[in-house]
Structure formats: structure tokens, C-alpha cells
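Data block for coords_37.json (JSON, C-alpha atoms):
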```json
[["chain", "number", "residue", "atom", "x", "y", "z"],
["A", 14, "MET", "CA", 154.63, 149.74, 159.40],
["A", 15, "THR", "CA", 153.42, 153.27, 159.15],
["A", 16, "VAL", "CA", 155.26, 155.93, 157.24],
["A", 17, "GLY", "CA", 156.88, 158.47, 159.53],
["A", 18, "LEU", "CA", 159.49, 161.14, 159.39],
["A", 19, "ASN", "CA", 162.29, 158.64, 158.90],
["A", 20, "GLU", "CA", 160.94, 157.32, 155.63],
["A", 21, "TYR", "CA", 160.71, 160.81, 154.21],
["A", 22, "LEU", "CA", 164.22, 161.66, 155.38],
["A", 23, "PHE", "CA", 165.51, 158.46, 153.84],
["A", 24, "LEU", "CA", 163.90, 159.35, 150.53],
["A", 25, "SER", "CA", 165.45, 162.80, 150.74],
["A", 26, "ALA", "CA", 168.91, 161.40, 151.45],
["A", 27, "LEU", "CA", 168.54, 158.88, 148.64],
["A", 28, "LEU", "CA", 167.57, 161.56, 146.13],
["A", 29, "PHE", "CA", 170.49, 163.70, 147.27],
["A", 30, "ALA", "CA", 172.88, 160.78, 146.85],
["A", 31, "ILE", "CA", 171.61, 160.04, 143.35],
["A", 32, "GLY", "CA", 172.04, 163.68, 142.37],
["A", 33, "PHE", "CA", 175.49, 163.75, 143.91],
["A", 34, "PHE", "CA", 176.63, 160.77, 141.90],
["A", 35, "GLY", "CA", 175.15, 162.28, 138.78],
["A", 36, "VAL", "CA", 177.34, 165.32, 139.32],
["A", 37, "LEU", "CA", 180.37, 163.08, 139.87],
["A", 38, "LEU", "CA", 179.83, 160.68, 136.98],
["A", 39, "ARG", "CA", 178.37, 162.64, 134.11],
["A", 40, "LYS", "CA", 180.43, 164.63, 131.62],
["A", 41, "ASN", "CA", 177.68, 166.67, 129.99],
["A", 42, "THR", "CA", 177.25, 170.06, 131.63],
["A", 43, "LEU", "CA", 173.49, 170.07, 131.08],
["A", 44, "VAL", "CA", 173.01, 166.72, 132.80],
["A", 45, "ILE", "CA", 175.28, 167.83, 135.65],
["A", 46, "TYR", "CA", 173.00, 170.82, 136.03],
["A", 47, "MET", "CA", 169.91, 168.61, 136.13],
["A", 48, "CYS", "CA", 171.52, 166.57, 138.89],
["A", 49, "LEU", "CA", 172.21, 169.76, 140.83],
["A", 50, "GLU", "CA", 168.49, 170.52, 140.62],
["A", 51, "LEU", "CA", 167.77, 167.03, 141.89],
["A", 52, "MET", "CA", 169.93, 167.67, 144.97],
["A", 53, "LEU", "CA", 168.11, 170.94, 145.62],
["A", 54, "VAL", "CA", 164.73, 169.20, 145.37],
["A", 55, "ALA", "CA", 165.93, 166.49, 147.76],
["A", 56, "SER", "CA", 166.62, 169.13, 150.38],
["A", 57, "THR", "CA", 163.12, 170.55, 149.95],
["A", 58, "VAL", "CA", 161.60, 167.12, 150.63],
["A", 59, "ALA", "CA", 163.40, 167.03, 153.99],
["A", 60, "LEU", "CA", 162.24, 170.54, 154.85],
["A", 61, "VAL", "CA", 158.60, 169.86, 154.02],
["A", 62, "ALA", "CA", 158.70, 166.61, 156.01],
["A", 63, "PHE", "CA", 160.12, 168.39, 159.08],
["A", 64, "SER", "CA", 157.52, 171.08, 158.71],
["A", 65, "HIS", "CA", 154.71, 168.55, 158.51],
["A", 66, "PHE", "CA", 155.80, 166.51, 161.50],
["A", 67, "ASN", "CA", 156.51, 169.55, 163.68],
["A", 68, "ARG", "CA", 153.23, 171.20, 162.73],
["A", 69, "THR", "CA", 154.82, 174.51, 161.83],
["A", 70, "MET", "CA", 154.75, 176.55, 158.66],
["A", 71, "ASP", "CA", 158.40, 177.59, 158.65],
["A", 72, "GLY", "CA", 159.73, 174.73, 156.56],
["A", 73, "ASN", "CA", 157.06, 175.26, 153.94],
["A", 74, "VAL", "CA", 157.84, 178.96, 153.71],
["A", 75, "PHE", "CA", 161.51, 178.13, 153.41],
["A", 76, "VAL", "CA", 160.78, 175.79, 150.50],
["A", 77, "PHE", "CA", 158.91, 178.68, 148.94],
["A", 78, "PHE", "CA", 162.12, 180.70, 148.93],
["A", 79, "ILE", "CA", 164.16, 177.74, 147.69],
["A", 80, "LEU", "CA", 161.84, 177.42, 144.70],
["A", 81, "THR", "CA", 162.34, 181.09, 143.88],
["A", 82, "VAL", "CA", 166.11, 180.92, 144.17],
["A", 83, "ALA", "CA", 166.19, 177.70, 142.11],
["A", 84, "ALA", "CA", 164.25, 179.34, 139.29],
["A", 85, "ALA", "CA", 166.67, 182.29, 139.22],
["A", 86, "GLU", "CA", 169.63, 179.92, 139.43],
["A", 87, "VAL", "CA", 168.46, 177.81, 136.51],
["A", 88, "ALA", "CA", 167.96, 180.87, 134.32],
["A", 89, "VAL", "CA", 171.43, 182.26, 135.03],
["A", 90, "GLY", "CA", 173.16, 178.87, 134.83],
["A", 91, "LEU", "CA", 171.65, 177.97, 131.49],
["A", 92, "ALA", "CA", 172.55, 181.41, 130.13],
["A", 93, "ILE", "CA", 176.14, 180.77, 131.23],
["A", 94, "ILE", "CA", 176.11, 177.36, 129.53],
["A", 95, "VAL", "CA", 174.83, 178.90, 126.30],
["A", 96, "ALA", "CA", 177.51, 181.61, 126.44],
["A", 97, "LEU", "CA", 180.12, 178.92, 127.06],
["A", 98, "PHE", "CA", 178.91, 176.91, 124.09],
["A", 99, "ARG", "CA", 179.06, 179.98, 121.87],
["A", 100, "ARG", "CA", 182.67, 180.58, 122.76],
["A", 101, "ARG", "CA", 184.05, 177.04, 122.97],
["A", 102, "GLN", "CA", 181.63, 174.98, 120.83],
["A", 103, "THR", "CA", 181.41, 172.25, 123.47],
["A", 104, "ILE", "CA", 179.73, 171.62, 126.79],
["A", 105, "GLN", "CA", 181.56, 168.42, 127.72],
["A", 106, "VAL", "CA", 183.43, 169.12, 130.95],
["A", 107, "GLU", "CA", 186.47, 167.07, 129.92],
["A", 108, "GLU", "CA", 187.09, 169.38, 126.97],
["A", 109, "LEU", "CA", 186.82, 172.52, 129.09],
["A", 110, "ASN", "CA", 190.36, 172.35, 130.45],
["A", 111, "ALA", "CA", 191.66, 175.85, 129.77],
["A", 112, "LEU", "CA", 192.71, 176.29, 133.39],
["A", 113, "LYS", "CA", 194.60, 172.98, 133.58],
["A", 114, "ASN", "CA", 198.42, 173.19, 134.02],
["B", 23, "MET", "CA", 146.86, 152.78, 155.70],
["B", 24, "SER", "CA", 146.27, 153.72, 152.10],
["B", 25, "SER", "CA", 148.48, 156.81, 152.12],
["B", 26, "ASP", "CA", 151.42, 154.59, 153.08],
["B", 27, "ILE", "CA", 151.05, 152.66, 149.85],
["B", 28, "PHE", "CA", 150.95, 155.94, 147.96],
["B", 29, "PHE", "CA", 154.15, 157.04, 149.69],
["B", 30, "TYR", "CA", 156.00, 153.92, 148.59],
["B", 31, "ILE", "CA", 154.65, 154.15, 145.04],
["B", 32, "PHE", "CA", 155.66, 157.78, 144.62],
["B", 33, "ALA", "CA", 158.99, 157.33, 146.40],
["B", 34, "ALA", "CA", 159.86, 154.49, 144.03],
["B", 35, "LEU", "CA", 158.77, 156.57, 141.05],
["B", 36, "THR", "CA", 160.84, 159.55, 142.19],
["B", 37, "ALA", "CA", 163.98, 157.57, 142.99],
["B", 38, "GLY", "CA", 163.71, 155.43, 139.85],
["B", 39, "SER", "CA", 163.38, 158.36, 137.50],
["B", 40, "ALA", "CA", 166.18, 160.17, 139.35],
["B", 41, "LEU", "CA", 168.37, 157.15, 138.60],
["B", 42, "ALA", "CA", 167.25, 157.38, 134.98],
["B", 43, "VAL", "CA", 168.43, 161.02, 134.88],
["B", 44, "VAL", "CA", 171.89, 159.88, 135.92],
["B", 45, "PHE", "CA", 172.21, 156.78, 133.77],
["B", 46, "THR", "CA", 170.51, 157.57, 130.48],
["B", 47, "LYS", "CA", 172.80, 158.67, 127.67],
["B", 48, "ASN", "CA", 170.25, 160.78, 125.84],
["B", 49, "THR", "CA", 170.01, 164.32, 127.17],
["B", 50, "VAL", "CA", 166.36, 164.74, 126.20],
["B", 51, "ALA", "CA", 165.48, 161.50, 127.98],
["B", 52, "ALA", "CA", 167.34, 162.79, 131.04],
["B", 53, "ALA", "CA", 165.29, 165.99, 131.01],
["B", 54, "LEU", "CA", 162.03, 164.04, 130.72],
["B", 55, "SER", "CA", 163.07, 161.71, 133.56],
["B", 56, "LEU", "CA", 163.78, 164.81, 135.62],
["B", 57, "LEU", "CA", 160.22, 165.91, 134.85],
["B", 58, "VAL", "CA", 158.79, 162.60, 136.11],
["B", 59, "SER", "CA", 160.96, 162.79, 139.22],
["B", 60, "LEU", "CA", 159.78, 166.31, 140.02],
["B", 61, "VAL", "CA", 156.15, 165.34, 139.59],
["B", 62, "GLY", "CA", 156.82, 162.46, 142.00],
["B", 63, "VAL", "CA", 158.22, 164.94, 144.52],
["B", 64, "ALA", "CA", 155.10, 167.07, 144.07],
["B", 65, "ALA", "CA", 153.00, 164.00, 144.89],
["B", 66, "ILE", "CA", 155.11, 163.45, 148.03],
["B", 67, "PHE", "CA", 154.35, 167.07, 148.97],
["B", 68, "VAL", "CA", 150.65, 166.34, 148.62],
["B", 69, "LEU", "CA", 151.06, 163.42, 151.03],
["B", 70, "LEU", "CA", 152.70, 165.87, 153.44],
["B", 71, "ASP", "CA", 149.70, 168.25, 153.22],
["B", 72, "ALA", "CA", 151.70, 170.93, 151.40],
["B", 73, "PHE", "CA", 149.25, 171.39, 148.56],
["B", 74, "LEU", "CA", 150.36, 174.86, 147.55],
["B", 75, "LEU", "CA", 153.98, 173.76, 147.33],
["B", 76, "ALA", "CA", 152.98, 170.77, 145.23],
["B", 77, "ALA", "CA", 151.19, 173.03, 142.77],
["B", 78, "LEU", "CA", 154.12, 175.43, 142.70],
["B", 79, "MET", "CA", 156.49, 172.54, 142.16],
["B", 80, "VAL", "CA", 154.58, 171.46, 139.08],
["B", 81, "PHE", "CA", 154.31, 175.03, 137.77],
["B", 82, "VAL", "CA", 157.83, 176.23, 138.45],
["B", 83, "TYR", "CA", 159.94, 173.11, 138.12],
["B", 84, "ALA", "CA", 158.00, 170.86, 135.79],
["B", 85, "GLY", "CA", 156.63, 173.74, 133.77],
["B", 86, "ALA", "CA", 159.35, 176.34, 133.57],
["B", 87, "VAL", "CA", 162.64, 174.69, 134.51],
["B", 88, "VAL", "CA", 162.32, 171.48, 132.51],
["B", 89, "ALA", "CA", 160.96, 173.41, 129.52],
["B", 90, "LEU", "CA", 164.00, 175.68, 129.74],
["B", 91, "PHE", "CA", 166.28, 172.65, 129.88],
["B", 92, "LEU", "CA", 164.61, 171.17, 126.81],
["B", 93, "PHE", "CA", 165.00, 174.45, 124.94],
["B", 94, "ILE", "CA", 168.69, 174.59, 125.73],
["B", 95, "VAL", "CA", 169.18, 170.95, 124.71],
["B", 96, "MET", "CA", 167.47, 171.76, 121.41],
["B", 97, "LEU", "CA", 169.63, 174.87, 120.99],
["B", 98, "LEU", "CA", 172.95, 173.25, 121.72],
["B", 99, "ASP", "CA", 172.47, 169.84, 120.12],
["B", 100, "SER", "CA", 175.13, 168.25, 122.27],
["B", 101, "GLN", "CA", 174.50, 164.62, 121.44],
["B", 102, "GLY", "CA", 177.30, 162.13, 121.22],
["B", 103, "GLY", "CA", 180.80, 163.21, 122.05],
["B", 104, "THR", "CA", 183.61, 160.86, 122.85],
["B", 105, "ARG", "CA", 183.44, 159.15, 126.20],
["B", 106, "LYS", "CA", 186.82, 159.00, 127.80],
["B", 107, "PRO", "CA", 187.18, 156.39, 130.53],
["B", 108, "PHE", "CA", 187.54, 157.66, 134.08],
["B", 109, "LYS", "CA", 190.93, 158.13, 135.67],
["B", 110, "LYS", "CA", 191.96, 155.83, 138.49],
["B", 111, "ALA", "CA", 191.91, 158.62, 141.07],
["B", 112, "THR", "CA", 188.38, 159.57, 140.01],
["B", 113, "LEU", "CA", 187.21, 155.97, 140.26],
["B", 114, "PHE", "CA", 188.79, 155.56, 143.68],
["B", 115, "SER", "CA", 187.30, 158.76, 145.11],
["B", 116, "GLY", "CA", 183.92, 157.92, 143.62],
["B", 117, "PHE", "CA", 184.05, 154.50, 145.24],
["B", 118, "VAL", "CA", 184.94, 156.02, 148.64],
["B", 119, "ALA", "CA", 182.07, 158.48, 148.28],
["B", 120, "LEU", "CA", 179.70, 155.63, 147.42],
["B", 121, "LEU", "CA", 180.78, 153.68, 150.51],
["B", 122, "LEU", "CA", 180.32, 156.71, 152.75],
["B", 123, "LEU", "CA", 176.87, 157.36, 151.32],
["B", 124, "ILE", "CA", 175.83, 153.73, 151.79],
["B", 125, "VAL", "CA", 176.97, 153.89, 155.42],
["B", 126, "GLY", "CA", 175.04, 157.13, 155.88],
["B", 127, "LEU", "CA", 171.84, 155.74, 154.37],
["B", 128, "ALA", "CA", 172.15, 152.53, 156.39],
["B", 129, "SER", "CA", 172.54, 154.49, 159.61],
["B", 130, "PHE", "CA", 169.46, 156.48, 158.65],
["B", 131, "ALA", "CA", 167.46, 153.29, 158.20],
["B", 132, "GLN", "CA", 168.81, 151.69, 161.39],
["B", 133, "ARG", "CA", 168.26, 154.71, 163.63],
["B", 134, "GLY", "CA", 164.82, 155.12, 162.12],
["B", 135, "ALA", "CA", 163.99, 151.55, 163.10],
["B", 136, "GLN", "CA", 165.32, 152.15, 166.62],
["B", 137, "ALA", "CA", 163.45, 155.41, 167.13],
["B", 138, "ALA", "CA", 160.12, 153.95, 166.14],
["B", 139, "ILE", "CA", 158.56, 155.50, 169.22],
["B", 140, "VAL", "CA", 155.50, 157.47, 168.34],
["B", 141, "HIS", "CA", 156.46, 161.11, 168.30],
["B", 142, "GLU", "CA", 154.29, 163.37, 170.36],
["B", 143, "VAL", "CA", 153.02, 165.77, 167.75],
["B", 144, "PRO", "CA", 152.60, 169.26, 169.22],
["B", 145, "ALA", "CA", 149.38, 171.09, 168.64],
["B", 146, "ALA", "CA", 149.38, 173.32, 165.63],
["B", 147, "ALA", "CA", 150.61, 176.80, 166.48],
["B", 148, "VAL", "CA", 149.87, 177.97, 162.97],
["B", 149, "PRO", "CA", 147.27, 176.36, 160.70],
["B", 150, "VAL", "CA", 149.31, 173.91, 158.69],
["B", 151, "GLY", "CA", 148.80, 172.98, 155.12],
["B", 152, "ALA", "CA", 147.08, 174.32, 152.13],
["B", 153, "SER", "CA", 145.64, 177.59, 153.21],
["B", 154, "LEU", "CA", 147.05, 180.46, 151.25],
["B", 155, "ARG", "CA", 146.14, 182.68, 154.15],
["B", 156, "ALA", "CA", 148.69, 180.98, 156.40],
["B", 157, "TYR", "CA", 151.39, 181.47, 153.79],
["B", 158, "GLY", "CA", 150.41, 185.09, 153.31],
["B", 159, "GLU", "CA", 150.50, 185.82, 157.01],
["B", 160, "GLN", "CA", 153.92, 184.26, 157.37],
["B", 161, "LEU", "CA", 155.35, 185.86, 154.25],
["B", 162, "PHE", "CA", 154.23, 189.38, 155.09],
["B", 163, "THR", "CA", 155.07, 189.37, 158.79],
["B", 164, "THR", "CA", 157.90, 187.09, 159.88],
["B", 165, "TYR", "CA", 159.50, 186.68, 156.48],
["B", 166, "LEU", "CA", 158.99, 190.14, 155.04],
["B", 167, "LEU", "CA", 162.68, 190.91, 154.65],
["B", 168, "PRO", "CA", 163.49, 187.62, 152.86],
["B", 169, "VAL", "CA", 160.58, 188.26, 150.48],
["B", 170, "GLN", "CA", 162.07, 191.60, 149.50],
["B", 171, "ILE", "CA", 165.57, 190.14, 149.18],
["B", 172, "VAL", "CA", 164.25, 187.35, 146.96],
["B", 173, "GLY", "CA", 162.46, 189.89, 144.78],
["B", 174, "PHE", "CA", 165.69, 191.79, 144.38],
["B", 175, "LEU", "CA", 167.52, 188.55, 143.61],
["B", 176, "LEU", "CA", 165.06, 187.77, 140.82],
["B", 177, "LEU", "CA", 165.64, 191.23, 139.37],
["B", 178, "ILE", "CA", 169.41, 190.73, 139.45],
["B", 179, "ALA", "CA", 169.06, 187.29, 137.86],
["B", 180, "MET", "CA", 166.96, 188.76, 135.05],
["B", 181, "LEU", "CA", 169.54, 191.45, 134.38],
["B", 182, "GLY", "CA", 172.32, 188.88, 134.50],
["B", 183, "VAL", "CA", 170.61, 186.64, 131.96],
["B", 184, "ILE", "CA", 170.06, 189.57, 129.62],
["B", 185, "VAL", "CA", 173.69, 190.64, 129.86],
["B", 186, "LEU", "CA", 174.94, 187.07, 129.41],
["B", 187, "SER", "CA", 172.86, 186.27, 126.37],
["B", 188, "LYS", "CA", 173.25, 189.57, 124.52],
["B", 189, "LYS", "CA", 176.06, 189.74, 122.04],
["B", 190, "PHE", "CA", 178.29, 192.75, 122.58],
["B", 191, "GLU", "CA", 180.14, 193.59, 119.39],
["B", 192, "GLY", "CA", 182.34, 196.26, 120.87],
["B", 193, "LEU", "CA", 182.50, 198.79, 123.63],
["B", 194, "GLY", "CA", 180.18, 201.02, 121.61],
["B", 195, "ASP", "CA", 177.30, 198.63, 122.33],
["B", 196, "ILE", "CA", 177.53, 199.17, 126.06],
["B", 197, "LYS", "CA", 175.79, 202.41, 126.84]]
```
Output the file's structure as C-alpha cells, nothing else.
Amino acid sequence: MTVGLNEYLFLSALLFAIGFFGVLLRKNTLVIYMCLELMLVASTVALVAFSHFNRTMDGNVFVFFILTVAAAEVAVGLAIIVALFRRRQTIQVEELNALKN
Amino acid sequence: MSSDIFFYIFAALTAGSALAVVFTKNTVAAALSLLVSLVGVAAIFVLLDAFLLAALMVFVYAGAVVALFLFIVMLLDSQGGTRKPFKKATLFSGFVALLLLIVGLASFAQRGAQAAIVHEVPAAAVPVGASLRAYGEQLFTTYLLPVQIVGFLLLIAMLGVIVLSKKFEGLGDIK
């Protein structure tokens, strides 16, 4: 059985699912953030696979932009987490319930 | 084919270390598993002839992003913490989401098996793959506007990080 587009898409969906459940299950903001990155990377796998099997460059260029945006996003998100920790002394999501009730 | 074996090896590596990110309790171990997973994705990119993207993946993600994560973990020292059990509603919705995802993945696999017809691959309109020249031509013609927007976005992100991490004592600091 030769590896085609479907195998790559399956891998992409699997990675996305794993990242999704990480976001659902974990309580540590940093780990939730890592799982968000995992979901972003899963989408890039699908794009590169489409690009390869359609013989166009567009998907690859798109992944280029996704990498840039992801780098900016990580920098800002981690700065927000650090600011949050400074103010509240915790990064566990269950203790960040100021907006509840 | 030999590249098929490589695909399965790297796919297993990527998915396994992604699972480790989710299930390990140690934050540093999670960051290092993320590193392994990203390198696995870079290897998958190599199998897809996207050599430049694979290199960028290792530089940007494995180099910069994971290092940043490790720095923040070191800075915050967020080990431990009490683990409250999940609420019933959370468990139920998580279970429903899991079922839906399993159905989705199964339909992927099944349709993939059905559509095992060899796809007619169109001839390359643009030279595909590693050549930096192809990327340059695309980036500076078709995608010129997105390139400029992304540059502006990076500038804004830099300013945002500086503002977020600087301590403002009072209004006098903001000039």
C-alpha cells in the first residue's frame, strides 16, 4: 500500500485531535498553549500535503505565512501568560475564575 | 517503497510525542515532547519535498518557540498544583467530542480506502519543492500584499510584547 494524500490527511487530523484534547483536558495554561501550537502545526501538514499532490506552490507559501503568524502569536501569548502570573501568582486555569458568577 | 516506511516511522513518532505532550505531568517534559513532535513534522515535510519549510520548521518552531516555552517554564516554576477532578458536564462533553472525532477519523480512513484510485497528477505549473527561487517569485509577485501585512503584524507583535512585559509604575512612565 503506497502512501498517498489520505495518509497525510489522516495524520493531520490525528494531530489536530490530539491537540484539541490537550486543550480540553489540561489545566496548565502553558501546556494548553503547547497544544494550540500542535493544532496549528497539524493544519500546516494538511496544507503541505495538498500542495505536494496538486503540484502547486500555493500551499507551501501559505505555510510560510502560518509560521510567521505562529511565531508572533507565541511571543504575544507567552508575554500575556507572564503578565497574568505576575498579577495572580498562578497559571492554572481553574484558579483563574474572576469572571465567574 | 522505502519512503513509505519513513512516512510511517515519522508519523508514529509525531503522533506519539504529541500524545506525550498531552499526557505527561511535567511541563518541561511536555515542552521537550513538543520539540520531538515538531521535528517529526519537519521530517514529514521533507517527505513531501518541502525542504525549505522543513528547515524553517526546525529553526522557527524547534529553535525559537520551544526555547521560549522552556524559558517561560523556568521563569514561572508552575510545577505541582492541586488537581481537581473534572465536573460531570465536562466529562460528558469531552466524551461526546471524542466520539465525534473517532467517527471523523474513521470516515477519513474509510473514504481513503474507497478512493484508492490513482490520482492523475497535473503537470507542474510552477517548479515545486526546494528551490528558493520559486518561493521568491511567489512571495514577491502573487503574495506581495500578504508579505507586507505579515511584516506589519510582526512589528505590532513586537510592540505588544514590549508593552506587556514592561512594568508601568504610574502614568508618568508612559510618555
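Across the model, the gap from atom CA of A:Val95 to atom CA of B:Ala179 is 15.4 Å.
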Problem - B:Phe28 environment, 9 Å, only C-alpha atoms, sequence neighbours closer than 3 positions dropped, as a VMD selection string - result: chain B and resid 24 to 25 31 to 33 65 to 66 69
Handout entry: Distance-based interface of chain B with chain A, 6 Å, counting only C-alpha atoms, as a list in words
Key =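 Using only C-alpha atoms, chain B residues at most 6 Å from chain A: Asp26, Val44, Gly134, Ala146, Leu176, Ala179 and Val183 of chain B.
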Next, write the just-selected residues to a file, as a compact mmCIF listing (two decimals), in the frame of the given file, keeping C-alpha atoms as the atom set.
```txt
# COMPACT_ATOMS: atom_id res chain seq x y z
CA ASP B 26 151.42 154.59 153.08
CA VAL B 44 171.89 159.88 135.92
CA GLY B 134 164.82 155.12 162.12
CA ALA B 146 149.38 173.32 165.63
CA LEU B 176 165.06 187.77 140.82
CA ALA B 179 169.06 187.29 137.86
CA VAL B 183 170.61 186.64 131.96
```
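Atom CA of B:Ser59 sits 6.8 Å away from atom CA of B:Leu35.
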Practice task
Pick out the closest residue to B:Leu92 from this set: B:Leu127, B:Leu70, B:Pro107, B:Thr49. Count all atoms listed in the file.
Solution key: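 The answer is B:Thr49, which sits nearest to B:Leu92.
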Completion exercise
From the list B:Leu97, B:Ala128, B:Leu60, B:Val68, the nearest residue to B:Ala84 using only C-alpha atoms is B:Leu60
Exercise for the section: One decimal, Å: what's the distance from atom CA of B:Leu56 over to atom CA of B:Val43, could you say? Expected result: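 One can read the atom CA of B:Leu56 to atom CA of B:Val43 distance as 6.0 Å.
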